[in-house]
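Only one structure is covered here, and it is reproduced in the block below.
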Amino acid sequence: MHRLFVAIRPPEHIRDLLIDAMDDTPELRWVPDDNLHLTLRFIGEVERPIAEDIAAALGNIRLPDFELRLAGVGQFARRNGGALWAAVEPREQVAALAAKVDRACVATGLEPEHRAFHPHITLAGYNRGAPQAVTAFLERNRALASAAFAVNSFTLYESRLSRHGALYEPIADYTLG
Ligand code: 3AM
């Protein structure tokens with residue numbers, strides 16, 4: 001089985017800004033540079049032939065390239081902890097790309113994604129009991145911003161669990177424009 005997702009890989013100068021926002025708060029598990037991404041569609045575990053169908057269907061997506069910029073931070077709070085992320089703007093083109101990726105997945109037999117698309121780049125995870133570190137992070141990075149950066153491709157990733165945590169391996173790149 002292959003555990004897949006589709007994402008945008010931010011360029012290095014944007015990842016550097018994101019890494020600058022990270023600190024040494026022990027309660028926050030920061031995402032390593034190699035894993036920074038903006039998820040367009042989580043796919044989950046599929047067999048090899050389905051993975052190949054998905055890879056082919058993604059290659060049929062036609063959409064112009066576009067720009068995004070970092071625009072603040074936020075959190076997903078769950079019962080047992082949560083995640084901190086950087087927000088991006090504007091939403092329209094990245095949402096259009098996510099919708100096309102979803103349609104390509106559905107064309108290969110996957111269920112449509114019913115959850116609302118919320119474009120974000122996860123920066124850290126935390127366990128229950130880190131509210132002070134979370135508040136401090138949100139406060140400190142409220143004004144996180146960047147110049148516009150070009151999004152001219154997206155990537156199909158395979159997620160593997162290793163002793164050192166999740167490893168995201170690019171399987172295929174798709175060019176926009
Ligand atoms: O892009 P982020 O970091 O928010 O949390 C996982 C990560 O999200 C998410 O897919 C992204 C790439 O791993 N993910 C993992 N399991 C998931 C699931 N069962 C999931 N998203 C939805 N359902």
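The chains in the structure tokens are called A, B, ... from first to last as shown; in each chain the residues are counted from 1, and the ligands are counted from 1 in the order shown.
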
Please identify every polymer residue within 10 Å of ligand 1, using only C-alpha atoms and all ligand atoms, and present the set as a ChimeraX atom specification. /A:3-8,31,35-45,76,83-85,113,115,118-125,157-160,166-168

Would you save the residues of that selection, restricted to C-alpha atoms, as a short mmCIF file (atom, residue, chain, number, x, y, z; two decimals), in the first residue's frame?
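Final output, saved to again-v5.cif:
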```cif
data_model
loop_
_atom_site.label_atom_id
_atom_site.label_comp_id
_atom_site.auth_asym_id
_atom_site.auth_seq_id
_atom_site.Cartn_x
_atom_site.Cartn_y
_atom_site.Cartn_z
CA ARG A 3 0.03 6.45 1.55
CA LEU A 4 -0.34 9.42 -0.76
CA PHE A 5 -1.16 13.09 -0.73
CA VAL A 6 -0.93 15.94 -3.23
CA ALA A 7 0.73 19.19 -2.19
CA ILE A 8 2.50 22.37 -3.17
CA VAL A 31 7.99 20.26 10.91
CA ASN A 35 8.43 18.17 5.05
CA LEU A 36 7.03 21.70 4.65
CA HIS A 37 4.13 21.60 2.19
CA LEU A 38 0.63 22.89 1.46
CA THR A 39 -1.74 19.94 1.12
CA LEU A 40 -4.15 20.09 -1.83
CA ARG A 41 -5.69 16.66 -1.23
CA PHE A 42 -5.00 13.92 1.30
CA ILE A 43 -5.45 10.58 -0.49
CA GLY A 44 -4.49 7.96 2.09
CA GLU A 45 -3.51 4.36 1.47
CA PHE A 76 -6.31 23.53 14.36
CA ALA A 83 -1.39 21.90 14.81
CA LEU A 84 0.00 25.35 14.11
CA TRP A 85 0.17 26.59 10.55
CA GLU A 113 -13.28 15.19 -0.36
CA ARG A 115 -14.24 18.63 4.11
CA HIS A 118 -8.44 25.29 4.13
CA PRO A 119 -5.09 26.10 2.52
CA HIS A 120 -2.30 26.11 5.10
CA ILE A 121 1.29 25.06 5.66
CA THR A 122 1.61 23.08 8.87
CA LEU A 123 4.53 24.28 11.00
CA ALA A 124 4.16 22.32 14.22
CA GLY A 125 2.15 19.75 16.08
CA TYR A 157 3.91 12.65 -2.39
CA GLU A 158 4.20 9.32 -0.68
CA SER A 159 4.27 9.49 3.10
CA ARG A 160 6.35 6.83 4.88
CA ALA A 166 7.21 10.95 8.68
CA LEU A 167 9.20 11.00 5.44
CA TYR A 168 7.52 12.68 2.48
#
```

Backbone DSSP call of strand (DSSP E) for chain A, listed as number ranges by chain: A: 2-8, 28-30, 38-46, 66-78, 81-89, 120-127, 149-151, 153-162, 165-175

Selection to disk with C-alpha atoms, as a PDB file, in the first residue's frame:
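This is the output file result_13.pdb:
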```pdb
ATOM      1  CA  HIS A   2       1.064   3.554  -0.669  1.00  0.00           C
ATOM      2  CA  ARG A   3       0.033   6.446   1.550  1.00  0.00           C
ATOM      3  CA  LEU A   4      -0.337   9.423  -0.763  1.00  0.00           C
ATOM      4  CA  PHE A   5      -1.159  13.093  -0.733  1.00  0.00           C
ATOM      5  CA  VAL A   6      -0.925  15.939  -3.225  1.00  0.00           C
ATOM      6  CA  ALA A   7       0.734  19.186  -2.186  1.00  0.00           C
ATOM      7  CA  ILE A   8       2.497  22.369  -3.170  1.00  0.00           C
ATOM      8  CA  LEU A  28       5.966  22.187  19.865  1.00  0.00           C
ATOM      9  CA  ARG A  29       7.108  19.541  17.365  1.00  0.00           C
ATOM     10  CA  TRP A  30       8.322  21.611  14.423  1.00  0.00           C
ATOM     11  CA  LEU A  38       0.630  22.892   1.464  1.00  0.00           C
ATOM     12  CA  THR A  39      -1.743  19.940   1.119  1.00  0.00           C
ATOM     13  CA  LEU A  40      -4.146  20.091  -1.828  1.00  0.00           C
ATOM     14  CA  ARG A  41      -5.692  16.663  -1.229  1.00  0.00           C
ATOM     15  CA  PHE A  42      -5.003  13.918   1.303  1.00  0.00           C
ATOM     16  CA  ILE A  43      -5.448  10.581  -0.487  1.00  0.00           C
ATOM     17  CA  GLY A  44      -4.494   7.958   2.094  1.00  0.00           C
ATOM     18  CA  GLU A  45      -3.513   4.358   1.465  1.00  0.00           C
ATOM     19  CA  VAL A  46      -4.032   2.968  -2.014  1.00  0.00           C
ATOM     20  CA  PHE A  66      -0.460  31.582  -9.923  1.00  0.00           C
ATOM     21  CA  GLU A  67       0.901  33.365  -6.889  1.00  0.00           C
ATOM     22  CA  LEU A  68       0.440  32.980  -3.161  1.00  0.00           C
ATOM     23  CA  ARG A  69       1.769  34.876  -0.186  1.00  0.00           C
ATOM     24  CA  LEU A  70       2.060  34.044   3.484  1.00  0.00           C
ATOM     25  CA  ALA A  71      -0.642  35.808   5.487  1.00  0.00           C
ATOM     26  CA  GLY A  72      -0.608  35.131   9.205  1.00  0.00           C
ATOM     27  CA  VAL A  73      -0.804  31.984  11.292  1.00  0.00           C
ATOM     28  CA  GLY A  74      -3.496  29.871  12.879  1.00  0.00           C
ATOM     29  CA  GLN A  75      -4.204  26.617  14.671  1.00  0.00           C
ATOM     30  CA  PHE A  76      -6.314  23.525  14.362  1.00  0.00           C
ATOM     31  CA  ALA A  77      -7.193  22.603  17.932  1.00  0.00           C
ATOM     32  CA  ARG A  78      -8.202  18.988  18.439  1.00  0.00           C
ATOM     33  CA  GLY A  81      -3.569  18.570  20.863  1.00  0.00           C
ATOM     34  CA  GLY A  82      -3.411  20.303  17.552  1.00  0.00           C
ATOM     35  CA  ALA A  83      -1.392  21.899  14.806  1.00  0.00           C
ATOM     36  CA  LEU A  84      -0.002  25.351  14.109  1.00  0.00           C
ATOM     37  CA  TRP A  85       0.167  26.589  10.550  1.00  0.00           C
ATOM     38  CA  ALA A  86       0.904  29.485   8.255  1.00  0.00           C
ATOM     39  CA  ALA A  87      -2.019  30.814   6.227  1.00  0.00           C
ATOM     40  CA  VAL A  88      -1.778  31.794   2.564  1.00  0.00           C
ATOM     41  CA  GLU A  89      -3.631  34.267   0.356  1.00  0.00           C
ATOM     42  CA  HIS A 120      -2.301  26.114   5.101  1.00  0.00           C
ATOM     43  CA  ILE A 121       1.289  25.063   5.664  1.00  0.00           C
ATOM     44  CA  THR A 122       1.611  23.077   8.874  1.00  0.00           C
ATOM     45  CA  LEU A 123       4.527  24.279  11.000  1.00  0.00           C
ATOM     46  CA  ALA A 124       4.163  22.316  14.220  1.00  0.00           C
ATOM     47  CA  GLY A 125       2.146  19.755  16.077  1.00  0.00           C
ATOM     48  CA  TYR A 126       1.492  19.780  19.794  1.00  0.00           C
ATOM     49  CA  ASN A 127      -0.010  17.492  22.378  1.00  0.00           C
ATOM     50  CA  PHE A 149       5.707  33.675  -4.591  1.00  0.00           C
ATOM     51  CA  ALA A 150       5.047  31.737  -7.781  1.00  0.00           C
ATOM     52  CA  VAL A 151       3.261  28.399  -7.701  1.00  0.00           C
ATOM     53  CA  SER A 153       3.958  23.112 -10.020  1.00  0.00           C
ATOM     54  CA  PHE A 154       2.427  20.654  -7.589  1.00  0.00           C
ATOM     55  CA  THR A 155       3.597  17.267  -6.387  1.00  0.00           C
ATOM     56  CA  LEU A 156       2.269  13.804  -5.633  1.00  0.00           C
ATOM     57  CA  TYR A 157       3.909  12.649  -2.392  1.00  0.00           C
ATOM     58  CA  GLU A 158       4.197   9.316  -0.683  1.00  0.00           C
ATOM     59  CA  SER A 159       4.271   9.486   3.105  1.00  0.00           C
ATOM     60  CA  ARG A 160       6.349   6.830   4.876  1.00  0.00           C
ATOM     61  CA  LEU A 161       6.837   6.389   8.569  1.00  0.00           C
ATOM     62  CA  SER A 162      10.446   6.010   9.612  1.00  0.00           C
ATOM     63  CA  GLY A 165       9.129  10.448  11.895  1.00  0.00           C
ATOM     64  CA  ALA A 166       7.214  10.955   8.676  1.00  0.00           C
ATOM     65  CA  LEU A 167       9.198  11.000   5.440  1.00  0.00           C
ATOM     66  CA  TYR A 168       7.522  12.682   2.483  1.00  0.00           C
ATOM     67  CA  GLU A 169       8.891  11.376  -0.778  1.00  0.00           C
ATOM     68  CA  PRO A 170       7.985  13.191  -4.030  1.00  0.00           C
ATOM     69  CA  ILE A 171       6.634  10.649  -6.546  1.00  0.00           C
ATOM     70  CA  ALA A 172       5.764  12.962  -9.450  1.00  0.00           C
ATOM     71  CA  ASP A 173       5.822  16.699 -10.216  1.00  0.00           C
ATOM     72  CA  TYR A 174       3.207  18.425 -12.355  1.00  0.00           C
ATOM     73  CA  THR A 175       3.814  21.741 -14.065  1.00  0.00           C
TER      74      THR A 175
END
```

Any idea what's packed within 10 Å of Gly129 of chain A, counting only C-alpha atoms, ignoring anything in its chain fewer than 5 positions away? Could you give it as number ranges by chain? A: 27, 80-81, 134

Could you please take those selected residues and save N, CA and C atoms as a CSV table (one decimal), in the first residue's frame?
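For reference, out.csv as written:
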```
chain,number,residue,atom,x,y,z
A,27,GLU,N,7.5,22.1,23.8
A,27,GLU,CA,6.2,21.5,23.6
A,27,GLU,C,5.7,21.4,22.1
A,80,ASN,N,-6.9,16.1,21.5
A,80,ASN,CA,-5.7,15.7,22.1
A,80,ASN,C,-4.4,16.5,21.7
A,81,GLY,N,-4.7,17.7,21.3
A,81,GLY,CA,-3.6,18.6,20.9
A,81,GLY,C,-4.0,19.3,19.6
A,134,VAL,N,1.3,27.7,22.5
A,134,VAL,CA,0.5,27.9,21.3
A,134,VAL,C,0.1,29.4,21.2
```

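A straight line drawn from atom CA of Leu144 of chain A to atom CA of Ala21 of chain A is 8.2 Å long.
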
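For the pair atom CA of Gly109 of chain A and atom CA of Arg48 of chain A, the separation is 13.7 Å.
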
Which residues in segment 4-148 of chain A does DSSP call helix (DSSP H, G or I)? List them as JSON, numbers by chain. {"A": [12, 13, 14, 15, 16, 17, 18, 19, 20, 33, 34, 35, 48, 49, 50, 51, 52, 53, 54, 55, 56, 57, 58, 92, 93, 94, 95, 96, 97, 98, 99, 100, 101, 102, 103, 104, 105, 106, 107, 131, 132, 133, 134, 135, 136, 137, 138, 139, 140]}

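Proximity to Ile61 of chain A was assessed for A:Ala104, A:Phe117, A:Glu47, A:Asp34 counting only C-alpha atoms; the smallest distance is recorded for A:Ala104.
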